[in-house]
>>> print(open('my_file_26.pdb').read())   # PDB, C-alpha atoms
ATOM      1  CA  MET A   1       0.000   0.000   0.000
ATOM      2  CA  GLY A   2       1.191   3.514  -0.752
ATOM      3  CA  SER A   3       1.694   6.615   1.318
ATOM      4  CA  SER A   4       0.562  10.196   0.731
ATOM      5  CA  ILE A   5       2.838  12.372  -1.408
ATOM      6  CA  LEU A   6       3.942  15.539   0.394
ATOM      7  CA  GLN A   7       2.752  18.773  -1.189
ATOM      8  CA  PHE A   8       3.834  22.389  -0.832
ATOM      9  CA  GLY A   9       1.760  23.874   1.961
ATOM     10  CA  CYS A  10       1.958  20.992   4.399
ATOM     11  CA  THR A  11       3.402  22.120   7.742
ATOM     12  CA  MET A  12       6.888  20.956   8.703
ATOM     13  CA  MET A  13       8.770  21.733  11.904
ATOM     14  CA  CYS A  14      12.091  20.727  13.412
ATOM     15  CA  PRO A  15      11.847  18.890  16.769
ATOM     16  CA  HIS A  16      12.629  22.173  18.569
ATOM     17  CA  GLY A  17       9.866  24.236  16.960
ATOM     18  CA  GLY A  18      11.709  25.815  14.024
ATOM     19  CA  GLN A  19       9.713  26.144  10.798
ATOM     20  CA  VAL A  20      10.831  24.239   7.713
ATOM     21  CA  GLN A  21      10.581  26.298   4.539
ATOM     22  CA  VAL A  22      10.770  24.602   1.165
ATOM     23  CA  THR A  23      11.477  25.913  -2.302
ATOM     24  CA  PRO A  24       9.778  23.521  -4.751
ATOM     25  CA  SER A  25      11.899  22.790  -7.808
ATOM     26  CA  GLN A  26       8.977  21.872 -10.037
ATOM     27  CA  ASN A  27       5.463  23.190 -10.622
ATOM     28  CA  LYS A  28       4.098  20.870 -13.290
ATOM     29  CA  VAL A  29       2.786  18.124 -10.985
ATOM     30  CA  LEU A  30       0.262  19.694  -8.652
ATOM     31  CA  ILE A  31      -1.665  18.058  -5.832
ATOM     32  CA  GLU A  32      -4.692  20.022  -4.654
ATOM     33  CA  GLY A  33      -3.231  22.984  -6.564
ATOM     34  CA  GLN A  34       0.194  22.807  -4.889
ATOM     35  CA  PRO A  35       3.497  21.397  -6.214
ATOM     36  CA  ALA A  36       4.437  17.879  -5.148
ATOM     37  CA  LEU A  37       7.642  17.984  -3.068
ATOM     38  CA  LEU A  38      10.761  16.186  -4.256
ATOM     39  CA  ALA A  39      13.698  14.778  -2.311
ATOM     40  CA  SER A  40      15.926  17.155  -4.308
ATOM     41  CA  ASP A  41      14.059  20.320  -3.221
ATOM     42  CA  VAL A  42      15.774  22.726  -0.821
ATOM     43  CA  PHE A  43      14.452  22.556   2.765
ATOM     44  CA  LEU A  44      15.715  25.221   5.187
ATOM     45  CA  VAL A  45      14.838  25.587   8.878
ATOM     46  CA  VAL A  46      14.214  29.035  10.373
ATOM     47  CA  GLY A  47      13.700  29.971  14.003
ATOM     48  CA  CYS A  48      15.157  26.877  15.668
ATOM     49  CA  PRO A  49      16.050  27.793  19.283
ATOM     50  CA  PHE A  50      18.151  24.692  20.047
ATOM     51  CA  ILE A  51      21.149  25.315  22.357
ATOM     52  CA  VAL A  52      23.787  22.838  23.592
ATOM     53  CA  ALA A  53      26.002  23.841  26.544
ATOM     54  CA  LEU A  54      25.089  27.531  26.056
ATOM     55  CA  VAL A  55      26.122  27.389  22.381
ATOM     56  CA  PRO A  56      23.393  27.866  19.751
ATOM     57  CA  GLN A  57      23.081  24.736  17.595
ATOM     58  CA  PRO A  58      19.992  25.499  15.503
ATOM     59  CA  CYS A  59      18.621  23.154  12.911
ATOM     60  CA  ILE A  60      19.304  24.854   9.556
ATOM     61  CA  LYS A  61      18.443  22.334   6.839
ATOM     62  CA  VAL A  62      16.773  18.990   6.203
ATOM     63  CA  SER A  63      18.155  15.868   4.544
ATOM     64  CA  TRP A  64      15.568  13.312   3.401
ATOM     65  CA  THR A  65      15.626   9.519   3.282
ATOM     66  CA  GLU A  66      13.075   6.994   2.060
ATOM     67  CA  PRO A  67      11.400   8.923  -0.780
ATOM     68  CA  ALA A  68       9.139   7.127  -3.244
ATOM     69  CA  THR A  69      10.783   4.225  -5.065
ATOM     70  CA  LYS A  70       8.224   3.475  -7.780
ATOM     71  CA  VAL A  71       7.276   6.994  -8.904
ATOM     72  CA  GLN A  72       9.338   9.874 -10.259
ATOM     73  CA  ILE A  73       8.558  13.482 -11.125
ATOM     74  CA  ASN A  74      11.002  15.073 -13.576
ATOM     75  CA  GLY A  75      13.358  12.162 -12.891
ATOM     76  CA  GLN A  76      13.317  12.726  -9.110
ATOM     77  CA  PRO A  77      11.483  10.770  -6.403
ATOM     78  CA  PRO A  78       8.704  12.618  -4.575
ATOM     79  CA  LEU A  79       8.630  12.715  -0.795
ATOM     80  CA  LEU A  80       6.054  10.651   1.042
ATOM     81  CA  GLN A  81       4.402  11.025   4.425
ATOM     82  CA  THR A  82       6.570   8.055   5.452
ATOM     83  CA  SER A  83       9.805   9.730   4.264
ATOM     84  CA  VAL A  84      12.210  10.672   7.044
ATOM     85  CA  GLY A  85      13.534  14.228   7.198
ATOM     86  CA  LEU A  86      16.641  14.578   9.360
ATOM     87  CA  THR A  87      17.323  18.095  10.595
ATOM     88  CA  LEU A  88      20.969  19.144  10.513
ATOM     89  CA  SER A  89      23.001  21.675  12.503
ATOM     90  CA  PRO A  90      25.430  24.107  10.808
ATOM     91  CA  GLN A  91      28.130  21.446  11.344
ATOM     92  CA  GLY A  92      25.973  18.779   9.663
ATOM     93  CA  THR A  93      25.099  16.952  12.887
ATOM     94  CA  PRO A  94      21.671  15.215  12.837
ATOM     95  CA  GLN A  95      19.402  16.754  15.467
ATOM     96  CA  GLY A  96      16.117  14.911  15.077
ATOM     97  CA  THR A  97      13.344  14.257  12.603
ATOM     98  CA  VAL A  98      10.948  16.664  10.938
ATOM     99  CA  LEU A  99       7.380  16.748  12.242
ATOM    100  CA  ILE A 100       4.857  16.899   9.382
ATOM    101  CA  THR A 101       1.152  17.819   9.482
ATOM    102  CA  GLY A 102      -1.458  18.882   6.958
ATOM    103  CA  VAL A 103      -0.561  16.279   4.334
ATOM    104  CA  GLN A 104      -3.055  15.698   1.538
ATOM    105  CA  THR A 105      -4.629  12.216   1.450
ATOM    106  CA  LYS A 106      -5.820  11.877  -2.167
ATOM    107  CA  VAL A 107      -2.603  11.087  -4.066
ATOM    108  CA  MET A 108      -0.509   8.119  -2.943
ATOM    109  CA  ALA A 109       2.729   6.531  -4.133
ATOM    110  CA  GLN A 110       5.226   3.842  -3.186
TER     111      GLN A 110
END
>>> encode(input="my_file_26.pdb", output="structure tokens")
Amino acid sequence: MGSSILQFGCTMMCPHGGQVQVTPSQNKVLIEGQPALLASDVFLVVGCPFIVALVPQPCIKVSWTEPATKVQINGQPPLLQTSVGLTLSPQGTPQGTVLITGVQTKVMAQ
């Protein structure tokens, strides 16, 4: 069984409350009027307040694993609700997984 494809407009947050902002790289495949999100899109985190030993260590970007394996959009796999977004610090250290809400439920993929 498939999982919902992520679309621009779904809400994504780092585990510390920072907002994930995405710049979709394509606008030809729309889901409910919004671009489907691809693993190759740029995902930046803004407003992460995470601090370690009094040193700010905010989440700044997201690296994705487990995108769709049987569907491609412009030669790239779309992201699914089951995809895992790892937030990264400025040094590239994983800091947790992205929390996702507001995902459409009409278009599925594997």
>>> closest_residue(input="my_file_26.pdb", among="A:Gly75, A:Gly92, A:Thr69, A:Val98", to="Met12 (chain A)", atoms="only C-alpha atoms")
A:Val98
>>> resolve_selection(input="my_file_26.pdb", expression="the PyMOL selection byres ((chain A and resi 38) around 8)", output="list in words")
Pro24, Ser25, Ala36, Leu37, Ala39, Ser40, Asp41, Ile73, Gln76, Pro77, Pro78 and Leu79 of chain A
>>> resolve_selection(input="my_file_26.pdb", expression="the PyMOL selection byres ((chain A and resi 42) around 6)", output="JSON, numbers by chain")
{"A": [22, 23, 41, 43]}
>>> closest_residue(input="my_file_26.pdb", among="A:Ser83, A:Asn74, A:Thr97, A:Gln91", to="Gly18 (chain A)", atoms="all atoms listed in the file")
A:Thr97
>>> resolve_selection(input="my_file_26.pdb", expression="the PyMOL selection byres ((chain A and resi 34) around 10)", output="list in words")
Leu6, Gln7, Phe8, Gly9, Cys10, Pro24, Asn27, Lys28, Val29, Leu30, Ile31, Glu32, Gly33, Pro35, Ala36 and Leu37 of chain A
>>> atom_distance(input="my_file_26.pdb", atom1="CA of Gln81 (chain A)", atom2="CA of Pro15 (chain A)")
16.4 Å
>>> atom_distance(input="my_file_26.pdb", atom1="CA of Ile51 (chain A)", atom2="CA of Glu66 (chain A)")
28.5 Å
>>> atom_distance(input="my_file_26.pdb", atom1="CA of Pro58 (chain A)", atom2="CA of Cys14 (chain A)")
9.5 Å
>>> closest_residue(input="my_file_26.pdb", among="A:Gly2, A:Gly96, A:Pro67, A:Gly85", to="Phe50 (chain A)", atoms="only C-alpha atoms")
A:Gly96
>>> residues_around(input="my_file_26.pdb", residues="Gln19 (chain A)", least_positions_apart="4", cutoff="9 Å", atoms="all atoms listed in the file", output="list in words")
Thr11, Met12, Met13, Cys14, Leu44, Val45, Val46, Gly47 and Cys48 of chain A
>>> write_last_selection(input="my_file_26.pdb", atoms="C-alpha atoms", output="compact mmCIF listing (two decimals), in the coordinates of the input")
# COMPACT_ATOMS: atom_id res chain seq x y z
CA THR A 11 3.40 22.12 7.74
CA MET A 12 6.89 20.96 8.70
CA MET A 13 8.77 21.73 11.90
CA CYS A 14 12.09 20.73 13.41
CA LEU A 44 15.72 25.22 5.19
CA VAL A 45 14.84 25.59 8.88
CA VAL A 46 14.21 29.04 10.37
CA GLY A 47 13.70 29.97 14.00
CA CYS A 48 15.16 26.88 15.67
>>> closest_residue(input="my_file_26.pdb", among="A:Thr105, A:Gln57, A:Gln26, A:Gln72", to="Thr93 (chain A)", atoms="all atoms listed in the file")
A:Gln57
>>> decode(input="my_file_26.pdb", residues="region 80-93 of chain A", atoms="N, CA and C atoms", output="short mmCIF file (atom, residue, chain, number, x, y, z; two decimals), in the first residue's frame")
data_model
loop_
_atom_site.label_atom_id
_atom_site.label_comp_id
_atom_site.auth_asym_id
_atom_site.auth_seq_id
_atom_site.Cartn_x
_atom_site.Cartn_y
_atom_site.Cartn_z
N LEU A 80 7.28 11.26 0.53
CA LEU A 80 6.05 10.65 1.04
C LEU A 80 5.87 11.00 2.52
N GLN A 81 4.65 10.79 3.00
CA GLN A 81 4.40 11.02 4.42
C GLN A 81 5.27 10.11 5.28
N THR A 82 5.71 8.99 4.72
CA THR A 82 6.57 8.05 5.45
C THR A 82 8.06 8.35 5.27
N SER A 83 8.40 9.34 4.43
CA SER A 83 9.80 9.73 4.26
C SER A 83 10.32 10.31 5.58
N VAL A 84 11.61 10.18 5.81
CA VAL A 84 12.21 10.67 7.04
C VAL A 84 13.08 11.88 6.73
N GLY A 85 12.74 13.01 7.34
CA GLY A 85 13.53 14.23 7.20
C GLY A 85 14.40 14.42 8.43
N LEU A 86 15.71 14.36 8.25
CA LEU A 86 16.64 14.58 9.36
C LEU A 86 17.07 16.04 9.36
N THR A 87 16.87 16.72 10.49
CA THR A 87 17.32 18.10 10.60
C THR A 87 18.81 18.10 10.91
N LEU A 88 19.52 19.08 10.35
CA LEU A 88 20.97 19.14 10.51
C LEU A 88 21.39 20.50 11.09
N SER A 89 22.41 20.46 11.94
CA SER A 89 23.00 21.68 12.50
C SER A 89 23.91 22.31 11.46
N PRO A 90 24.47 23.50 11.75
CA PRO A 90 25.43 24.11 10.81
C PRO A 90 26.65 23.22 10.55
N GLN A 91 26.99 22.35 11.51
CA GLN A 91 28.13 21.45 11.34
C GLN A 91 27.74 20.14 10.65
N GLY A 92 26.44 19.99 10.33
CA GLY A 92 25.97 18.78 9.66
C GLY A 92 25.59 17.66 10.60
N THR A 93 25.47 17.96 11.90
CA THR A 93 25.10 16.95 12.89
C THR A 93 23.59 16.73 12.87
#
